[in-house]
file input-v8.tsv (TSV, C-alpha atoms)
chain	number	residue	atom	x	y	z
A	1	MET	CA	-15.21	-16.40	-12.91
A	2	ASP	CA	-14.70	-12.73	-12.10
A	3	ASN	CA	-11.12	-11.45	-11.98
A	4	ILE	CA	-10.18	-10.11	-8.56
A	5	LEU	CA	-7.42	-7.56	-8.02
A	6	LYS	CA	-5.86	-8.07	-4.58
A	7	LEU	CA	-4.02	-5.22	-2.85
A	8	LYS	CA	-2.22	-5.46	0.50
A	9	TYR	CA	-0.92	-2.72	2.77
A	10	ASP	CA	0.87	-2.48	6.11
A	11	VAL	CA	-0.24	0.39	8.32
A	12	ASP	CA	2.35	1.84	10.71
A	13	GLY	CA	1.25	2.71	14.22
A	14	ASP	CA	1.57	6.26	15.56
A	15	ASP	CA	2.43	7.76	12.18
A	16	PHE	CA	-0.30	10.20	11.24
A	17	THR	CA	1.72	11.67	8.41
A	18	ARG	CA	1.71	8.34	6.55
A	19	ALA	CA	-1.84	7.33	7.45
A	20	GLY	CA	-3.90	7.44	4.30
A	21	GLU	CA	-1.39	5.77	1.99
A	22	ALA	CA	-3.61	2.73	1.51
A	23	SER	CA	-6.74	4.76	0.80
A	24	ALA	CA	-4.83	7.06	-1.58
A	25	SER	CA	-3.45	4.03	-3.46
A	26	VAL	CA	-6.87	2.34	-3.64
A	27	LYS	CA	-8.41	5.59	-4.84
A	28	LYS	CA	-5.86	5.87	-7.67
A	29	THR	CA	-6.34	2.21	-8.65
A	30	LEU	CA	-10.15	2.54	-8.75
A	31	LYS	CA	-9.84	5.72	-10.83
A	32	LYS	CA	-7.63	3.93	-13.36
A	33	MET	CA	-10.21	1.13	-13.53
A	34	GLY	CA	-12.90	3.65	-14.45
A	35	VAL	CA	-15.00	3.16	-11.29
A	36	PRO	CA	-17.56	6.01	-10.84
A	37	ALA	CA	-16.33	8.95	-8.71
A	38	ASP	CA	-19.06	8.63	-6.05
A	39	ILE	CA	-18.17	4.96	-5.47
A	40	ILE	CA	-14.45	5.82	-5.24
A	41	ARG	CA	-15.24	8.54	-2.70
A	42	LYS	CA	-17.23	6.10	-0.52
A	43	ALA	CA	-14.52	3.42	-0.55
A	44	ALA	CA	-11.64	5.87	-0.01
A	45	ILE	CA	-13.28	7.64	2.96
A	46	ALA	CA	-14.34	4.37	4.63
A	47	LEU	CA	-10.82	2.98	4.23
A	48	TYR	CA	-9.11	6.18	5.46
A	49	GLU	CA	-11.22	6.17	8.62
A	50	GLY	CA	-10.20	2.56	9.17
A	51	GLU	CA	-6.52	3.40	8.67
A	52	ILE	CA	-6.73	6.26	11.15
A	53	ASN	CA	-8.43	4.00	13.70
A	54	MET	CA	-5.58	1.49	13.32
A	55	VAL	CA	-2.99	4.23	13.92
A	56	ILE	CA	-4.81	5.73	16.92
A	57	HIS	CA	-5.97	2.60	18.69
A	58	ALA	CA	-4.02	-0.44	17.53
A	59	ASP	CA	-0.41	0.51	16.71
A	60	GLY	CA	-1.06	-0.25	13.04
A	61	GLY	CA	-2.17	-3.39	11.26
A	62	GLU	CA	-2.78	-4.93	7.85
A	63	ILE	CA	-5.23	-4.08	5.11
A	64	GLU	CA	-6.38	-6.28	2.25
A	65	VAL	CA	-8.50	-4.88	-0.55
A	66	ASP	CA	-10.14	-7.14	-3.13
A	67	ILE	CA	-11.56	-5.39	-6.17
A	68	SER	CA	-13.84	-7.21	-8.58
A	69	SER	CA	-16.13	-5.85	-11.30
A	70	ASN	CA	-19.10	-5.38	-8.98
A	71	LYS	CA	-17.67	-4.75	-5.49
A	72	ILE	CA	-14.75	-3.63	-3.36
A	73	ILE	CA	-14.07	-5.72	-0.25
A	74	MET	CA	-11.81	-4.15	2.39
A	75	ILE	CA	-10.50	-6.15	5.34
A	76	LEU	CA	-8.67	-4.27	8.09
A	77	LYS	CA	-6.95	-6.43	10.68
A	78	ASP	CA	-5.10	-5.28	13.79
A	79	LYS	CA	-3.65	-6.76	16.93
A	80	GLY	CA	-4.70	-3.89	19.16
A	81	LYS	CA	-6.56	-3.88	22.43
A	82	GLY	CA	-9.93	-4.60	20.86
A	83	ILE	CA	-13.26	-2.80	21.19
A	84	GLU	CA	-14.99	-3.34	24.53
A	85	ASN	CA	-18.46	-2.29	23.45
A	86	ILE	CA	-18.99	-2.20	19.66
A	87	GLU	CA	-22.51	-0.78	19.94
A	88	LEU	CA	-21.20	2.15	21.99
A	89	ALA	CA	-18.23	2.66	19.65
A	90	MET	CA	-20.65	2.90	16.71
A	91	GLN	CA	-22.45	5.88	18.26
A	92	GLU	CA	-21.64	9.26	16.70
A	93	GLY	CA	-19.58	11.38	19.09
A	94	TYR	CA	-18.30	8.49	21.22
A	95	SER	CA	-14.50	8.45	21.24
A	96	THR	CA	-11.67	7.05	23.34
A	97	ALA	CA	-8.99	8.92	21.35
A	98	PRO	CA	-6.36	10.71	23.46
A	99	ASP	CA	-6.06	14.53	23.52
A	100	GLU	CA	-2.96	14.72	21.28
A	101	VAL	CA	-4.92	12.91	18.56
A	102	ARG	CA	-7.84	15.31	18.96
A	103	SER	CA	-5.52	18.28	18.50
A	104	LEU	CA	-4.79	16.96	14.98
A	105	GLY	CA	-8.50	17.06	14.16
A	106	PHE	CA	-9.25	13.38	14.77
A	107	GLY	CA	-11.18	11.77	17.62
A	108	ALA	CA	-14.57	13.30	16.81
A	109	GLY	CA	-16.26	9.96	17.38
A	110	MET	CA	-17.25	9.77	13.72
A	111	GLY	CA	-14.78	7.18	12.43
A	112	LEU	CA	-16.82	4.00	12.75
A	113	PRO	CA	-20.12	5.79	11.93
A	114	ASN	CA	-18.50	7.11	8.72
A	115	MET	CA	-17.20	3.63	7.85
A	116	LYS	CA	-20.74	2.30	8.22
A	117	LYS	CA	-22.24	5.23	6.33
A	118	TYR	CA	-19.95	4.88	3.31
A	119	SER	CA	-19.83	1.09	3.05
A	120	ASP	CA	-22.77	-0.98	1.84
A	121	GLU	CA	-21.97	-3.75	4.30
A	122	MET	CA	-19.82	-3.64	7.42
A	123	ARG	CA	-19.00	-6.25	10.04
A	124	ILE	CA	-16.70	-5.95	13.06
A	125	GLU	CA	-15.07	-8.84	14.89
A	126	SER	CA	-13.22	-7.81	18.02
A	127	THR	CA	-11.72	-9.62	20.99
A	128	LEU	CA	-10.29	-7.71	23.95
A	129	ASN	CA	-6.48	-7.75	24.03
A	130	ILE	CA	-6.36	-9.86	20.84
A	131	GLY	CA	-7.43	-7.44	18.14
A	132	THR	CA	-10.08	-6.25	15.74
A	133	THR	CA	-10.98	-7.13	12.17
A	134	VAL	CA	-13.31	-4.91	10.18
A	135	TYR	CA	-14.90	-6.17	6.94
A	136	MET	CA	-16.36	-3.55	4.61
A	137	THR	CA	-17.95	-3.97	1.20
A	138	VAL	CA	-18.68	-1.17	-1.24
A	139	CYS	CA	-20.81	-2.20	-4.21
A	140	ILE	CA	-19.81	-0.91	-7.63
A	141	SER	CA	-22.99	-1.89	-9.43
B	1	MET	CA	-16.68	30.19	-10.39
B	2	THR	CA	-13.32	28.43	-10.03
B	3	ALA	CA	-11.42	28.41	-6.74
B	4	ILE	CA	-8.66	30.56	-8.23
B	5	GLU	CA	-11.08	33.19	-9.62
B	6	LEU	CA	-12.80	33.29	-6.27
B	7	ALA	CA	-9.58	33.67	-4.26
B	8	LYS	CA	-8.43	36.54	-6.51
B	9	GLN	CA	-11.76	38.36	-6.27
B	10	ALA	CA	-11.91	37.88	-2.49
B	11	GLY	CA	-8.33	39.06	-2.00
B	12	PHE	CA	-7.28	35.75	-0.47
B	13	ASP	CA	-3.75	34.36	-0.77
B	14	ILE	CA	-3.34	31.38	-3.14
B	15	LYS	CA	-0.66	29.11	-1.61
B	16	VAL	CA	-1.05	26.12	-3.93
B	17	GLU	CA	-2.92	26.43	-7.22
B	18	GLY	CA	-3.44	22.68	-7.70
B	19	ASN	CA	-6.58	21.99	-9.74
B	20	GLY	CA	-8.16	25.21	-8.47
B	21	ASP	CA	-8.22	26.76	-11.94
B	22	LYS	CA	-10.22	23.83	-13.33
B	23	ARG	CA	-12.68	23.10	-10.54
B	24	THR	CA	-15.70	25.18	-9.63
B	25	ILE	CA	-17.24	25.74	-6.20
B	26	SER	CA	-20.78	24.51	-5.71
B	27	GLY	CA	-21.06	24.81	-1.93
B	28	ILE	CA	-19.25	25.62	1.31
B	29	TYR	CA	-18.41	23.46	4.31
B	30	CYS	CA	-16.92	24.89	7.52
B	31	GLY	CA	-15.39	22.57	10.11
B	32	ASP	CA	-12.21	21.36	11.78
B	33	LEU	CA	-13.00	17.83	12.96
B	34	LEU	CA	-11.71	15.73	10.09
B	35	SER	CA	-14.18	12.86	10.36
B	36	MET	CA	-17.02	15.35	10.47
B	37	VAL	CA	-15.70	16.86	7.25
B	38	MET	CA	-15.48	13.44	5.58
B	39	GLY	CA	-18.97	12.60	6.77
B	40	ARG	CA	-20.67	15.84	5.83
B	41	ALA	CA	-18.76	17.90	3.27
B	42	LYS	CA	-19.89	17.35	-0.31
B	43	ALA	CA	-17.74	16.92	-3.40
B	44	ASP	CA	-16.97	20.33	-5.01
B	45	ASP	CA	-17.44	22.24	-1.73
B	46	ALA	CA	-14.98	24.90	-0.66
B	47	TRP	CA	-13.82	23.63	2.74
B	48	ILE	CA	-13.02	26.33	5.30
B	49	THR	CA	-10.97	25.22	8.31
B	50	VAL	CA	-8.28	26.22	10.79
B	51	MET	CA	-6.67	22.77	10.66
B	52	GLY	CA	-3.50	23.27	8.62
B	53	ASN	CA	-1.69	19.94	8.93
B	54	ILE	CA	-0.92	17.20	6.42
B	55	ASN	CA	-4.01	15.20	7.38
B	56	SER	CA	-6.23	18.07	6.22
B	57	VAL	CA	-4.79	17.62	2.74
B	58	ALA	CA	-5.52	13.87	2.82
B	59	VAL	CA	-9.09	14.61	3.94
B	60	GLY	CA	-9.49	17.26	1.24
B	61	VAL	CA	-8.44	14.72	-1.40
B	62	LEU	CA	-10.74	11.99	-0.08
B	63	ALA	CA	-13.75	14.26	0.42
B	64	ASP	CA	-13.04	15.60	-3.11
B	65	VAL	CA	-13.50	19.25	-2.14
B	66	THR	CA	-12.65	21.96	-4.70
B	67	CYS	CA	-10.23	23.74	-2.38
B	68	ILE	CA	-9.11	24.04	1.24
B	69	ILE	CA	-9.33	27.53	2.68
B	70	LEU	CA	-7.40	28.23	5.90
B	71	ALA	CA	-9.27	31.02	7.69
B	72	GLU	CA	-8.43	33.21	10.71
B	73	GLU	CA	-4.92	33.93	9.38
B	74	ILE	CA	-3.92	30.35	10.09
B	75	THR	CA	-1.23	29.07	7.74
B	76	MET	CA	-0.68	25.58	6.40
B	77	ASN	CA	2.70	24.07	7.25
B	78	GLU	CA	5.33	23.39	4.55
B	79	GLN	CA	4.97	19.59	4.67
B	80	ALA	CA	1.22	19.92	4.08
B	81	LEU	CA	1.72	22.46	1.26
B	82	GLN	CA	4.13	20.09	-0.46
B	83	LYS	CA	1.62	17.23	-0.18
B	84	ALA	CA	-1.13	19.50	-1.55
B	85	ALA	CA	1.08	20.38	-4.54
B	86	ASP	CA	1.78	16.67	-5.14
B	87	GLU	CA	-1.93	15.83	-4.96
B	88	GLY	CA	-3.16	18.82	-6.97
B	89	VAL	CA	-5.17	20.27	-4.09
B	90	CYS	CA	-5.83	24.01	-4.18
B	91	ILE	CA	-4.84	25.73	-0.90
B	92	ILE	CA	-5.96	29.26	-0.09
B	93	HIS	CA	-5.21	31.41	2.97
B	94	SER	CA	-7.85	33.85	4.19
B	95	HIS	CA	-7.11	36.77	6.51
B	96	LEU	CA	-10.77	36.81	7.58
B	97	PRO	CA	-12.46	34.83	10.37
B	98	THR	CA	-14.33	31.65	9.36
B	99	PHE	CA	-17.80	33.19	9.15
B	100	GLU	CA	-16.67	36.22	7.15
B	101	THR	CA	-14.67	33.96	4.83
B	102	ALA	CA	-17.74	31.81	4.16
B	103	LYS	CA	-19.95	34.88	3.73
B	104	LYS	CA	-17.60	36.41	1.19
B	105	ILE	CA	-17.41	33.17	-0.83
B	106	ALA	CA	-21.19	32.79	-0.76
B	107	GLU	CA	-21.63	36.33	-2.08
B	108	LEU	CA	-18.99	36.08	-4.79
B	109	ALA	CA	-20.02	32.61	-6.01
B	110	ALA	CA	-23.74	33.44	-5.62
B	111	LEU	CA	-24.38	30.35	-3.50
call {"tool": "encode", "arguments": {"input": "input-v8.tsv", "output": "structure tokens"}}
result
Amino acid sequence: MDNILKLKYDVDGDDFTRAGEASASVKKTLKKMGVPADIIRKAAIALYEGEINMVIHADGGEIEVDISSNKIIMILKDKGKGIENIELAMQEGYSTAPDEVRSLGFGAGMGLPNMKKYSDEMRIESTLNIGTTVYMTVCIS
Amino acid sequence: MTAIELAKQAGFDIKVEGNGDKRTISGIYCGDLLSMVMGRAKADDAWITVMGNINSVAVGVLADVTCIILAEEITMNEQALQKAADEGVCIIHSHLPTFETAKKIAELAAL
């Protein structure tokens, strides 16, 4: 049976200065484990985009990261307003981010497309006014 | 060419040295939308932007760029500079507009 390292993080809502703590921590952990740099980059970017989405759209949430020898599974769960049309949200350039978020450089409509691009598998479960859970897997080998 | 050598030759202002004396520049990416940068910049690029907040530093770390160059005389705020120092990210200020900054780097680094 493969050993799995489980990491858990709380993401604060509306705090852009702290957003990225989970991805930075996961990046450091993967580096210590000797995971190849290109794999670390994929996982860290996908997770950071997810963290930012939680801050912008859902007033924070919870992240669980399971690392085994051959894959990284990242589960991002929030109790936000949900995604009305996932297909539309997945389109590059589509964004519902408010103007103050855009002025910080976010809200380009590339968050979900980047998460899909950098993960090997991605699944979104979302219910309006209940919340969203995103499952991402990045393969190590 | 390392980021520090390049900044000195170009006459740019080095605000945080970070790992800039160890890492070389193999390309250039210009852009200010952070997700676009994460989606399209390559590792070891010099990233030229006018976005000087703390999130730019986080994006620079994640995208694994060699350095962040603030163009158009834009300066990075103190909180962001501190984070860059903690993370070992090289931060350079350029007095030139974005295009001229990129052009100068391309010439000096023979890209």
call {"tool": "residues_around", "arguments": {"input": "input-v8.tsv", "residues": "Leu47 in chain A", "least_positions_apart": "6", "cutoff": "9 Å", "atoms": "only C-alpha atoms", "output": "PyMOL selection string"}}
result
chain A and resi 20+22-23+26+74+76+115+136
call {"tool": "interface_residues", "arguments": {"input": "input-v8.tsv", "of": "chain A", "to": "chain B", "cutoff": "6 Å", "atoms": "all atoms listed in the file", "output": "short mmCIF file (atom, residue, chain, number, x, y, z; two decimals) with C-alpha atoms, keeping the file's coordinate frame"}}
result
data_model
loop_
_atom_site.label_atom_id
_atom_site.label_comp_id
_atom_site.auth_asym_id
_atom_site.auth_seq_id
_atom_site.Cartn_x
_atom_site.Cartn_y
_atom_site.Cartn_z
CA ILE A 45 -13.28 7.64 2.96
CA GLY A 105 -8.50 17.06 14.16
CA PHE A 106 -9.25 13.38 14.77
CA MET A 110 -17.25 9.77 13.72
CA ASN A 114 -18.50 7.11 8.72
#
call {"tool": "atom_distance", "arguments": {"input": "input-v8.tsv", "atom1": "CA of Asn3 in chain A", "atom2": "CA of Ile124 in chain A"}}
result
26.2 Å
call {"tool": "residues_around", "arguments": {"input": "input-v8.tsv", "residues": "Ile74 in chain B", "least_positions_apart": "6", "cutoff": "12 Å", "atoms": "all atoms listed in the file", "output": "mmCIF file with C-alpha atoms, keeping the file's coordinate frame"}}
result
data_model
loop_
_atom_site.group_PDB
_atom_site.id
_atom_site.type_symbol
_atom_site.label_atom_id
_atom_site.label_comp_id
_atom_site.auth_asym_id
_atom_site.auth_seq_id
_atom_site.Cartn_x
_atom_site.Cartn_y
_atom_site.Cartn_z
ATOM 1 C CA ASP B 13 -3.750 34.360 -0.770
ATOM 2 C CA ILE B 48 -13.020 26.330 5.300
ATOM 3 C CA THR B 49 -10.970 25.220 8.310
ATOM 4 C CA VAL B 50 -8.280 26.220 10.790
ATOM 5 C CA MET B 51 -6.670 22.770 10.660
ATOM 6 C CA GLY B 52 -3.500 23.270 8.620
ATOM 7 C CA ASN B 53 -1.690 19.940 8.930
ATOM 8 C CA ILE B 91 -4.840 25.730 -0.900
ATOM 9 C CA ILE B 92 -5.960 29.260 -0.090
ATOM 10 C CA HIS B 93 -5.210 31.410 2.970
ATOM 11 C CA SER B 94 -7.850 33.850 4.190
ATOM 12 C CA HIS B 95 -7.110 36.770 6.510
ATOM 13 C CA LEU B 96 -10.770 36.810 7.580
ATOM 14 C CA PRO B 97 -12.460 34.830 10.370
ATOM 15 C CA THR B 98 -14.330 31.650 9.360
#
call {"tool": "closest_residue", "arguments": {"input": "input-v8.tsv", "among": "A:Glu21, A:Glu49, A:Glu64, A:Asp78", "to": "Ile130 in chain A", "atoms": "only C-alpha atoms"}}
result
A:Asp78
call {"tool": "residues_around", "arguments": {"input": "input-v8.tsv", "residues": "Cys67 in chain B", "least_positions_apart": "2", "cutoff": "9 Å", "atoms": "all atoms listed in the file", "output": "compact mmCIF listing (two decimals) with C-alpha atoms, in the coordinates of the input"}}
result
# COMPACT_ATOMS: atom_id res chain seq x y z
CA ALA B 3 -11.42 28.41 -6.74
CA GLY B 18 -3.44 22.68 -7.70
CA ASN B 19 -6.58 21.99 -9.74
CA GLY B 20 -8.16 25.21 -8.47
CA ARG B 23 -12.68 23.10 -10.54
CA ILE B 25 -17.24 25.74 -6.20
CA ASP B 44 -16.97 20.33 -5.01
CA ASP B 45 -17.44 22.24 -1.73
CA ALA B 46 -14.98 24.90 -0.66
CA TRP B 47 -13.82 23.63 2.74
CA ILE B 48 -13.02 26.33 5.30
CA GLY B 60 -9.49 17.26 1.24
CA ASP B 64 -13.04 15.60 -3.11
CA VAL B 65 -13.50 19.25 -2.14
CA ILE B 69 -9.33 27.53 2.68
CA VAL B 89 -5.17 20.27 -4.09
CA CYS B 90 -5.83 24.01 -4.18
CA ILE B 91 -4.84 25.73 -0.90
CA ILE B 92 -5.96 29.26 -0.09
call {"tool": "atom_distance", "arguments": {"input": "input-v8.tsv", "atom1": "CA of Cys139 in chain A", "atom2": "CA of Lys6 in chain A"}}
result
16.1 Å
call {"tool": "atom_distance", "arguments": {"input": "input-v8.tsv", "atom1": "CA of Ile4 in chain B", "atom2": "CA of Glu17 in chain B"}}
result
7.1 Å
call {"tool": "residues_around", "arguments": {"input": "input-v8.tsv", "residues": "Val55 in chain A", "least_positions_apart": "5", "cutoff": "9 Å", "atoms": "all atoms listed in the file", "output": "ChimeraX atom specification"}}
result
/A:11-16,19,50,60-61
call {"tool": "write_last_selection", "arguments": {"input": "input-v8.tsv", "atoms": "C-alpha atoms", "output": "PDB file, in the coordinates of the input"}}
result
ATOM      1  CA  VAL A  11      -0.240   0.390   8.320  1.00  0.00           C
ATOM      2  CA  ASP A  12       2.350   1.840  10.710  1.00  0.00           C
ATOM      3  CA  GLY A  13       1.250   2.710  14.220  1.00  0.00           C
ATOM      4  CA  ASP A  14       1.570   6.260  15.560  1.00  0.00           C
ATOM      5  CA  ASP A  15       2.430   7.760  12.180  1.00  0.00           C
ATOM      6  CA  PHE A  16      -0.300  10.200  11.240  1.00  0.00           C
ATOM      7  CA  ALA A  19      -1.840   7.330   7.450  1.00  0.00           C
ATOM      8  CA  GLY A  50     -10.200   2.560   9.170  1.00  0.00           C
ATOM      9  CA  GLY A  60      -1.060  -0.250  13.040  1.00  0.00           C
ATOM     10  CA  GLY A  61      -2.170  -3.390  11.260  1.00  0.00           C
TER      11      GLY A  61
END
call {"tool": "closest_residue", "arguments": {"input": "input-v8.tsv", "among": "A:Ala43, A:Ala24, A:Ile83, A:Ala108", "to": "Ser95 in chain A", "atoms": "only C-alpha atoms"}}
result
A:Ala108
